[in-house]
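Student: Just dropping this structure here.
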2 protein chains.
Amino acid sequence: MDPVERAHSVTIRDVARAAQVSPATVSRVMNRRSTVDVELARRVQQAAASLGYHPSAVAQGLARGRTDLVSILVPDLGNPMFQSVLRGISRAAGVEGYRVLVTDSHEMPLEEPFLAQETRLRTDGLVLCSPRSHDQELLELAGKLEPFVLVNRHVEGLLAPTVAVDYAAGIRALVAHLAGLGHRHVAYLSGPMASVSNQQRLDTLHASAEGRFELTVLECGSMHEDGYEAADRALGTGATAIIGYNDLVALGALGKFHAIGVSVPDQVSVVGFDDIAFARYASPMLTTVAVPQEALGEEAWQRLSAVLRGEEPPADVCFTPRLEVRQSTARNPR
Amino acid sequence: MDPVERAHSVTIRDVARAAQVSPATVSRVMNRRSTVDVELARRVQQAAASLGYHPSAVAQGLARGRTDLVSILVPDLGNPMFQSVLRGISRAAGVEGYRVLVTDSHEMPLEEPFLAQETRLRTDGLVLCSPRSHDQELLELAGKLEPFVLVNRHVEGLLAPTVAVDYAAGIRALVAHLAGLGHRHVAYLSGPMASVSNQQRLDTLHASAEGRFELTVLECGSMHEDGYEAADRALGTGATAIIGYNDLVALGALGKFHAIGVSVPDQVSVVGFDDIAFARYASPMLTTVAVPQEALGEEAWQRLSAVLRGEEPPADVCFTPRLEVRQSTARNPR
DNA sequence: CCATATGCGGAAAGCGGTTTCAGCGGTGCG
DNA sequence: CGCACCGCTGAAACCGCTTTCCGCATATGG
């Protein structure tokens with residue numbers, strides 16, 4: 001009764017009382033369920049409006065067994081690549097009335113399983129974006145994560161819908177490009193060592209560089225600063241071309257070269273991965289392997305959405321990235 | 001009973017039954033509330049573990065009247081500025097066990113009130129980031145949004161905790177810098193016309209440019225592409241310096257100039273706002289007004305957190321941005 | 001040794017909705 | 001005119017968990 005103590009929101013019962021109907025009827029009106037007498041409906045609408053009633057999403061969630069929320073877990077919210085995927089999902093999900101809960105694992109693979117489970121518990125489904133955990137861990141976790149979809153990662157034996165990118169093809173295109181420009185020594189600025197996608201790129205790189213050029217691998221990281229810091233180390237190896245783990249790293253290297261007066265691509269070529277928006281606006285414009293980022297998110301949502309509706313999700317998709325040759329690569333000057 | 005039909009998750013009752021205790025006791029054990037006999041506790045723990053029990057966040061939310069979720073509404077998830085703020089909030093909130101629900105209004109001021117309310121309904125609190133709506137609208141909405149905090153925007157007469165940036169000071173520093181370099185004609189690439197912050201910058205710009213240089217305003221936008229597209233238009237006005245609405249716009253212009261062979265800063269100076277990470281890595285490195293982005297998010301969380309705990313939030317804070325002079329500005333060549 | 005304080009655990013009442021089910025009056029048809 | 005059916009509404013169960021309240025058993029003090 002105490003108005004101070006009960007600052008709480010107005011409930012369906014309050015509306016029912018005001019409109020002199022039962023809560024059931026209010027619920028029906030609010031949800032346009034079975035037909036309700038037009039006069040009653042009007043009374044309910046009016047009561048709801050004048051009381052400023054809004055149904056509690058939490059209570060609805062409990063009653064309906066559905067929250068209209070989905071989670072997405074990314075390794076680094078600071079990476080435009082994941083931001084784009086997030087945008088893609090967020091936009092597509094929004095159209096169907098779903099909202100998105102974001103969790104950032106801050107590139108800490110060990111935290112990932114816990115975070116994934118924790119965030120999943122709060123929503124109806126989950127999108128795992130470039131998970132850094134091991135296959136084994138994901139397989140064990142799968143049961144508790146369902147329904148979920150996997151983005152940017154294929155896990156053998158996992159039944160979850162997957163939206164992936166054929167990075168191997170991207171690597172091969174990159175290698176062919178650099179070899180074609182006459183480069184005989186290439187440095188790879190490696191991503192987080194724990195990252196599976198880094199491992200894959202590394203394997204493919206080794207395999208396809210074989211016989212074409214010498215490959216030097218330098219531990220680096222996944223962010224701007226890492227690339228910036230590693231750039232001159234890479235140059236020191238004598239490499240004439242540098243492959244960044246992703247665009248962030250490549251752009252970081254670009255920045256460093258500019259700062260120390262090393263000309264790209266005249267003295268050294270630089271390439272990245274992802275084709276984030278800034279790759280096109282950097283100077284020189286970054287040659288990179290273009291991944292359809294928003295489409296990745298969009299496709300991920302299509303699959304999650306289907307599963308949530310109890311339907312069969314579309315078949316797994318694997319985008320073949322496109323080599324985007326711009327200005328940061330040129331013929332080997334030596 | 002049918003295992004197919006009841007694929008549903010295991011509830012607290014299942015655990016209670018398995019451990020031969022009441023649901024109340026299970027709850028107590030799970031929440032380490034009042035002391036429970038160690039033997040019983042063990043039984044419960046074990047039952048929970050073996051059944052793979054995890055309490056339903058939704059049910060907890062309803063029962064406790066608290067979701068441990070907060071919302072954040074941003075005008076453009078694609079803007080690194082907001083991503084940083086989001087990171088700041090997300091990180092700070094995470095420490096206290098809160099997760100973040102993100103909503104992107106896609107620079108559509110008219111949608112904002114609806115989205116704000118909608119997203120607020122699902123959580124315990126809201127962070128409104130650079131809202132584009134009018135003061136009036138926000139004032140009317142305030143009651144239904146509480147508790148919330150305002151970032152990057154001050155609204156007269158609004159009691160909500162506010163974390164702001166003194167853009168006027170930034171503008172003045174910028175104007176002084178450009179005037180000091182001898183620029184007599186400056187073009188402003190205006191942000192979304194509906195945006196309040198754009199309006200403010202415009203006003204301050206007009207006021208402080210008075211008597212120092214001629215100011216031409218061009219409608220532009222808030223994104224990369226907008227800046228890219230507007231760059232040569234700006235050059236066409238005869239301006240020797242260009243102020244972008246934000247870094248995205250400025251970097252877009254930089255990209256265009258590079259593409260068409262206009263040298264920055266030799267032929268034209270370019271400055272932006274925010275100091276997103278890429279500003280430092282662009283070439284030439286962008287002169288800009290640096291806003292402490294993650295700190296903005298962090299401070300916002302401190303205030304929201306206090307209100308959620310029922311405490312008095314810290315006083316409003318207003319960061320004074322710092323002019324970050326880099327390489328994209330130089331003396332007027334004419 | 002009895003009365004009172006103390007602590008632990010279960011029953012039950014919510015939290016704020018949705019949904020099933022049954023009752024009610026009214027209509028159509030035989 | 002009576003019966004079956006139909007559409008609309010309210011009562012009540014339920015979603016899964018928390019928390020108050022109460023009873024019981026044991027420890028404690030007089």
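Labels for the structure tokens follow display order: chains A, B, ..., residues from 1 in each chain, ligands from 1.
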Up to 12 Å from chain A, what residues of chain D turn up? Count only C-alpha atoms (C1' of nucleotides) and give them as an MDAnalysis selection string.

Tutor: chainID D and resid 7:17

Student: Wanna dump the chain C-chain A contacts at 12 Å for me, each residue with its shortest atom pair and the distance in Å to one decimal, counting only C-alpha atoms (C1' of nucleotides), ordered by chain and number, as a Markdown table?

Tutor:
```
| residue | atom | partner | partner_atom | distance |
| --- | --- | --- | --- | --- |
| C:DC15 | C1' | A:Ala59 | CA | 7.9 |
| C:DG16 | C1' | A:Ala59 | CA | 5.0 |
| C:DG17 | C1' | A:Ala59 | CA | 4.9 |
| C:DT18 | C1' | A:Ala63 | CA | 5.6 |
| C:DT19 | C1' | A:Ala24 | CA | 8.6 |
| C:DT20 | C1' | A:Ala24 | CA | 11.2 |
```

Student: For chain A against chain B, with a cut-off of 8 Å and counting only C-alpha atoms, what is the closest atom pair and its distance in Å to one decimal for every residue that makes the cut, ordered by chain and number, as a tab-separated table?

Tutor:
```
residue	atom	partner	partner_atom	distance
A:His54	CA	B:Leu121	CA	8.0
A:Ser56	CA	B:Leu121	CA	6.9
A:Ala57	CA	B:Arg122	CA	5.4
A:Val58	CA	B:Leu62	CA	5.9
A:Ala59	CA	B:Leu62	CA	6.0
A:Gly61	CA	B:Val58	CA	6.6
A:Leu62	CA	B:Val58	CA	5.9
A:Thr67	CA	B:Val58	CA	7.9
A:Leu77	CA	B:Arg87	CA	7.0
A:Gly78	CA	B:Gln83	CA	6.8
A:Pro80	CA	B:Gly78	CA	7.8
A:Gln83	CA	B:Gly78	CA	6.8
A:Ser84	CA	B:Gly78	CA	7.1
A:Arg87	CA	B:Leu77	CA	6.9
A:Ser90	CA	B:Thr103	CA	7.9
A:Arg99	CA	B:Thr103	CA	7.4
A:Val100	CA	B:Leu101	CA	6.1
A:Leu101	CA	B:Leu101	CA	4.6
A:Val102	CA	B:Val100	CA	6.3
A:Thr103	CA	B:Arg99	CA	7.4
A:Leu121	CA	B:Ala57	CA	6.4
A:Arg122	CA	B:Ala57	CA	5.4
A:Leu251	CA	B:Tyr281	CA	6.9
A:Gly252	CA	B:Tyr281	CA	6.4
A:Leu254	CA	B:Tyr281	CA	7.5
A:Gly255	CA	B:Tyr281	CA	4.7
A:Lys256	CA	B:Tyr281	CA	8.0
A:His258	CA	B:Ser283	CA	7.1
A:Phe278	CA	B:Phe278	CA	7.7
A:Arg280	CA	B:Gly255	CA	7.7
A:Tyr281	CA	B:Gly255	CA	4.7
A:Ala282	CA	B:Ala282	CA	5.7
A:Ser283	CA	B:Ser283	CA	5.8
```

Student: Find the residues near DT28 in chain D: any atom within 12 Å, counting only C-alpha atoms (C1' of nucleotides), skip ones fewer than 4 places away on the same chain, and give them as a ChimeraX atom specification.

Tutor: /C:2-6

Student: May I have the residues from that selection written out with all heavy atoms, as an mmCIF file, in the first residue's frame?

Tutor:
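Output file out.cif is given in full below:
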```cif
data_model
loop_
_atom_site.group_PDB
_atom_site.id
_atom_site.type_symbol
_atom_site.label_atom_id
_atom_site.label_comp_id
_atom_site.auth_asym_id
_atom_site.auth_seq_id
_atom_site.Cartn_x
_atom_site.Cartn_y
_atom_site.Cartn_z
ATOM 1 P P DC C 2 10.826 -32.221 34.137
ATOM 2 O OP1 DC C 2 9.696 -32.977 34.717
ATOM 3 O OP2 DC C 2 11.521 -32.732 32.944
ATOM 4 O "O5'" DC C 2 10.329 -30.740 33.854
ATOM 5 C "C5'" DC C 2 10.053 -29.849 34.943
ATOM 6 C "C4'" DC C 2 10.302 -28.420 34.497
ATOM 7 O "O4'" DC C 2 11.727 -28.222 34.270
ATOM 8 C "C3'" DC C 2 9.614 -28.038 33.188
ATOM 9 O "O3'" DC C 2 9.048 -26.742 33.321
ATOM 10 C "C2'" DC C 2 10.730 -28.050 32.155
ATOM 11 C "C1'" DC C 2 11.924 -27.607 33.002
ATOM 12 N N1 DC C 2 13.245 -28.042 32.496
ATOM 13 C C2 DC C 2 14.298 -27.124 32.451
ATOM 14 O O2 DC C 2 14.110 -25.965 32.841
ATOM 15 N N3 DC C 2 15.512 -27.534 31.986
ATOM 16 C C4 DC C 2 15.684 -28.783 31.583
ATOM 17 N N4 DC C 2 16.894 -29.145 31.140
ATOM 18 C C5 DC C 2 14.619 -29.740 31.617
ATOM 19 C C6 DC C 2 13.428 -29.335 32.067
ATOM 20 P P DA C 3 8.040 -26.196 32.166
ATOM 21 O OP1 DA C 3 6.765 -25.834 32.828
ATOM 22 O OP2 DA C 3 8.046 -27.142 31.037
ATOM 23 O "O5'" DA C 3 8.769 -24.852 31.727
ATOM 24 C "C5'" DA C 3 9.242 -23.935 32.720
ATOM 25 C "C4'" DA C 3 10.155 -22.932 32.062
ATOM 26 O "O4'" DA C 3 11.393 -23.588 31.689
ATOM 27 C "C3'" DA C 3 9.581 -22.331 30.784
ATOM 28 O "O3'" DA C 3 9.917 -20.930 30.713
ATOM 29 C "C2'" DA C 3 10.254 -23.106 29.661
ATOM 30 C "C1'" DA C 3 11.617 -23.431 30.284
ATOM 31 N N9 DA C 3 12.193 -24.688 29.799
ATOM 32 C C8 DA C 3 11.537 -25.876 29.609
ATOM 33 N N7 DA C 3 12.307 -26.838 29.178
ATOM 34 C C5 DA C 3 13.554 -26.232 29.063
ATOM 35 C C6 DA C 3 14.793 -26.717 28.644
ATOM 36 N N6 DA C 3 15.001 -27.984 28.260
ATOM 37 N N1 DA C 3 15.845 -25.864 28.654
ATOM 38 C C2 DA C 3 15.630 -24.595 29.048
ATOM 39 N N3 DA C 3 14.496 -24.024 29.470
ATOM 40 C C4 DA C 3 13.496 -24.907 29.445
ATOM 41 P P DT C 4 9.189 -19.984 29.638
ATOM 42 O OP1 DT C 4 8.680 -18.795 30.350
ATOM 43 O OP2 DT C 4 8.299 -20.823 28.804
ATOM 44 O "O5'" DT C 4 10.429 -19.537 28.745
ATOM 45 C "C5'" DT C 4 11.602 -18.996 29.392
ATOM 46 C "C4'" DT C 4 12.778 -19.100 28.442
ATOM 47 O "O4'" DT C 4 13.134 -20.489 28.224
ATOM 48 C "C3'" DT C 4 12.539 -18.506 27.052
ATOM 49 O "O3'" DT C 4 13.591 -17.583 26.766
ATOM 50 C "C2'" DT C 4 12.592 -19.701 26.105
ATOM 51 C "C1'" DT C 4 13.536 -20.624 26.876
ATOM 52 N N1 DT C 4 13.449 -22.051 26.495
ATOM 53 C C2 DT C 4 14.604 -22.713 26.159
ATOM 54 O O2 DT C 4 15.701 -22.179 26.156
ATOM 55 N N3 DT C 4 14.433 -24.048 25.829
ATOM 56 C C4 DT C 4 13.245 -24.760 25.804
ATOM 57 O O4 DT C 4 13.222 -25.941 25.501
ATOM 58 C C5 DT C 4 12.078 -24.003 26.172
ATOM 59 C C7 DT C 4 10.730 -24.668 26.177
ATOM 60 C C6 DT C 4 12.223 -22.692 26.490
ATOM 61 P P DA C 5 13.470 -16.550 25.578
ATOM 62 O OP1 DA C 5 13.575 -15.190 26.145
ATOM 63 O OP2 DA C 5 12.307 -16.907 24.748
ATOM 64 O "O5'" DA C 5 14.809 -16.853 24.768
ATOM 65 C "C5'" DA C 5 16.051 -16.846 25.454
ATOM 66 C "C4'" DA C 5 17.086 -17.615 24.662
ATOM 67 O "O4'" DA C 5 16.675 -19.016 24.582
ATOM 68 C "C3'" DA C 5 17.266 -17.149 23.215
ATOM 69 O "O3'" DA C 5 18.651 -17.140 22.908
ATOM 70 C "C2'" DA C 5 16.518 -18.192 22.392
ATOM 71 C "C1'" DA C 5 16.754 -19.440 23.218
ATOM 72 N N9 DA C 5 15.749 -20.496 23.052
ATOM 73 C C8 DA C 5 14.406 -20.395 23.229
ATOM 74 N N7 DA C 5 13.748 -21.515 23.027
ATOM 75 C C5 DA C 5 14.759 -22.415 22.680
ATOM 76 C C6 DA C 5 14.729 -23.780 22.339
ATOM 77 N N6 DA C 5 13.604 -24.495 22.293
ATOM 78 N N1 DA C 5 15.912 -24.370 22.040
ATOM 79 C C2 DA C 5 17.029 -23.651 22.094
ATOM 80 N N3 DA C 5 17.177 -22.365 22.412
ATOM 81 C C4 DA C 5 15.994 -21.793 22.696
ATOM 82 P P DT C 6 19.178 -16.484 21.552
ATOM 83 O OP1 DT C 6 20.483 -15.868 21.860
ATOM 84 O OP2 DT C 6 18.080 -15.705 20.959
ATOM 85 O "O5'" DT C 6 19.447 -17.775 20.638
ATOM 86 C "C5'" DT C 6 20.190 -18.880 21.175
ATOM 87 C "C4'" DT C 6 20.262 -19.969 20.107
ATOM 88 O "O4'" DT C 6 19.117 -20.853 20.222
ATOM 89 C "C3'" DT C 6 20.256 -19.443 18.666
ATOM 90 O "O3'" DT C 6 21.365 -19.989 17.977
ATOM 91 C "C2'" DT C 6 18.939 -19.931 18.094
ATOM 92 C "C1'" DT C 6 18.691 -21.192 18.930
ATOM 93 N N1 DT C 6 17.258 -21.603 19.025
ATOM 94 C C2 DT C 6 16.950 -22.943 18.857
ATOM 95 O O2 DT C 6 17.772 -23.795 18.653
ATOM 96 N N3 DT C 6 15.601 -23.224 18.963
ATOM 97 C C4 DT C 6 14.571 -22.329 19.195
ATOM 98 O O4 DT C 6 13.412 -22.712 19.263
ATOM 99 C C5 DT C 6 14.973 -20.950 19.342
ATOM 100 C C7 DT C 6 13.945 -19.895 19.595
ATOM 101 C C6 DT C 6 16.282 -20.642 19.247
#
```

Student: Name the residues of range 250-327 of chain A that come out as alpha helix (DSSP H) in a backbone DSSP run; write them as a PyMOL selection string.

Tutor: chain A and resi 250-260+277-281+293-308

Student: Generate the output file for the selected residues, C-alpha atoms, as a compact mmCIF listing (two decimals), in the first residue's frame.

Tutor:
```txt
# COMPACT_ATOMS: atom_id res chain seq x y z
CA ALA A 250 48.61 -5.69 -40.50
CA LEU A 251 47.40 -2.15 -39.96
CA GLY A 252 49.43 -1.93 -36.80
CA ALA A 253 52.50 -2.92 -38.81
CA LEU A 254 51.59 -0.38 -41.45
CA GLY A 255 51.43 2.26 -38.79
CA LYS A 256 54.84 1.36 -37.46
CA PHE A 257 56.42 1.36 -40.88
CA HIS A 258 54.99 4.75 -41.57
CA ALA A 259 56.31 5.99 -38.27
CA ILE A 260 59.84 4.74 -38.85
CA ALA A 277 36.40 -1.29 -43.17
CA PHE A 278 39.62 0.46 -42.23
CA ALA A 279 41.66 -1.70 -44.55
CA ARG A 280 40.18 0.22 -47.44
CA TYR A 281 40.76 3.58 -45.84
CA GLN A 293 31.55 -10.28 -42.17
CA GLU A 294 27.99 -9.10 -41.86
CA ALA A 295 26.88 -11.98 -44.06
CA LEU A 296 28.54 -14.31 -41.61
CA GLY A 297 26.41 -12.86 -38.85
CA GLU A 298 23.31 -12.88 -40.97
CA GLU A 299 23.77 -16.53 -41.93
CA ALA A 300 24.48 -17.43 -38.33
CA TRP A 301 21.20 -15.89 -37.30
CA GLN A 302 19.28 -17.70 -40.03
CA ARG A 303 20.46 -20.97 -38.57
CA LEU A 304 19.88 -20.10 -34.96
CA SER A 305 16.49 -18.72 -35.81
CA ALA A 306 15.47 -21.91 -37.58
CA VAL A 307 16.50 -24.05 -34.65
CA LEU A 308 14.62 -21.79 -32.27
```

Student: Give me, as a tab-separated table, the closest atom pair and its distance (Å, one decimal) for every residue of range 69-152 of chain B within a cut-off of 10 Å of range 177-194 of chain B, counting only C-alpha atoms, rows sorted by chain and rising number.

Tutor:
```
residue	atom	partner	partner_atom	distance
B:Glu107	CA	B:Pro192	CA	8.0
B:Met108	CA	B:Ala194	CA	8.9
B:Pro109	CA	B:Ala194	CA	7.1
B:Leu110	CA	B:Ala194	CA	9.6
B:Arg132	CA	B:Ala194	CA	6.7
B:Ser133	CA	B:Ala194	CA	7.7
B:His134	CA	B:Ala194	CA	8.5
```

Student: What's the separation between CA of Asp135 in chain A and CA of Val271 in chain A, in Å to one decimal place?

Tutor: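 Taking CA of Asp135 in chain A and CA of Val271 in chain A, their separation equals 28.5 Å.
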
Student: Can you list, as number ranges by chain, all residues belonging to range 213-279 of chain A that DSSP tags as strand (DSSP E or B)?

Tutor: A: 214-219, 241-244, 269-274

Student: So that I can see what lies close to Ala160 in chain A, please list as a list in words the residues with an atom at most 7 Å from it, counting only C-alpha atoms (C1' of nucleotides) and leaving out residues fewer than 3 positions away in the same chain.

Tutor: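 The residues satisfying every condition are Phe148, Val149 and Leu150 of chain A.
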
Student: Show which residues sit within 12 Å of DA4 in chain D, as a ChimeraX atom specification. Count only C-alpha atoms (C1' of nucleotides), and ignore same-chain residues fewer than 5 positions away.

Tutor: /C:27-30

Student: Write the residues of the preceding selection, restricted to C-alpha atoms (C1' of nucleotides), as a compact mmCIF listing (two decimals), in the first residue's frame.

Tutor:
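Wrote it out as selection11.txt, contents follow:
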```txt
# COMPACT_ATOMS: atom_id res chain seq x y z
C1' DT C 27 -27.64 -18.53 -31.51
C1' DG C 28 -29.01 -21.97 -35.14
C1' DC C 29 -31.25 -25.85 -36.31
C1' DG C 30 -34.52 -29.67 -35.99
```

Student: Could you list, as a list in words, every residue within 12 Å of DA12 in chain C, counting only C-alpha atoms (C1' of nucleotides) and ignoring same-chain residues fewer than 2 positions away?

Tutor: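 Contacts, in chain order: Ser22, Pro23 and Ala24 of chain B; DG10 and DG14 of chain C; DT18, DT19, DT20, DC21 and DC22 of chain D.
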
Student: Residues at most 12 Å from Glu39 in chain B, counting only C-alpha atoms (C1' of nucleotides), excluding those fewer than 5 positions away in the same chain, as a PyMOL selection string?

Tutor: chain B and resi 19-21+29+44-46

Student: For the residues in the current selection, export C-alpha atoms as a PDB file, in the first residue's frame.

Tutor:
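Printed below is selection-v6.pdb as written:
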```pdb
ATOM      1  CA  ALA B  19      18.849 -35.283  -2.801  1.00  0.00           C
ATOM      2  CA  GLN B  20      15.726 -36.015  -0.773  1.00  0.00           C
ATOM      3  CA  VAL B  21      15.389 -32.508   0.528  1.00  0.00           C
ATOM      4  CA  VAL B  29      22.716 -24.477  -0.843  1.00  0.00           C
ATOM      5  CA  VAL B  44      22.561 -31.450  -2.799  1.00  0.00           C
ATOM      6  CA  GLN B  45      25.816 -30.473  -4.466  1.00  0.00           C
ATOM      7  CA  GLN B  46      26.274 -33.967  -5.695  1.00  0.00           C
TER       8      GLN B  46
END
```

Student: One number please: CA of Arg42 in chain A to CA of Glu96 in chain A, in Å, one decimal.

Tutor: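 Going from CA of Arg42 in chain A over to CA of Glu96 in chain A, I get 27.5 Å.
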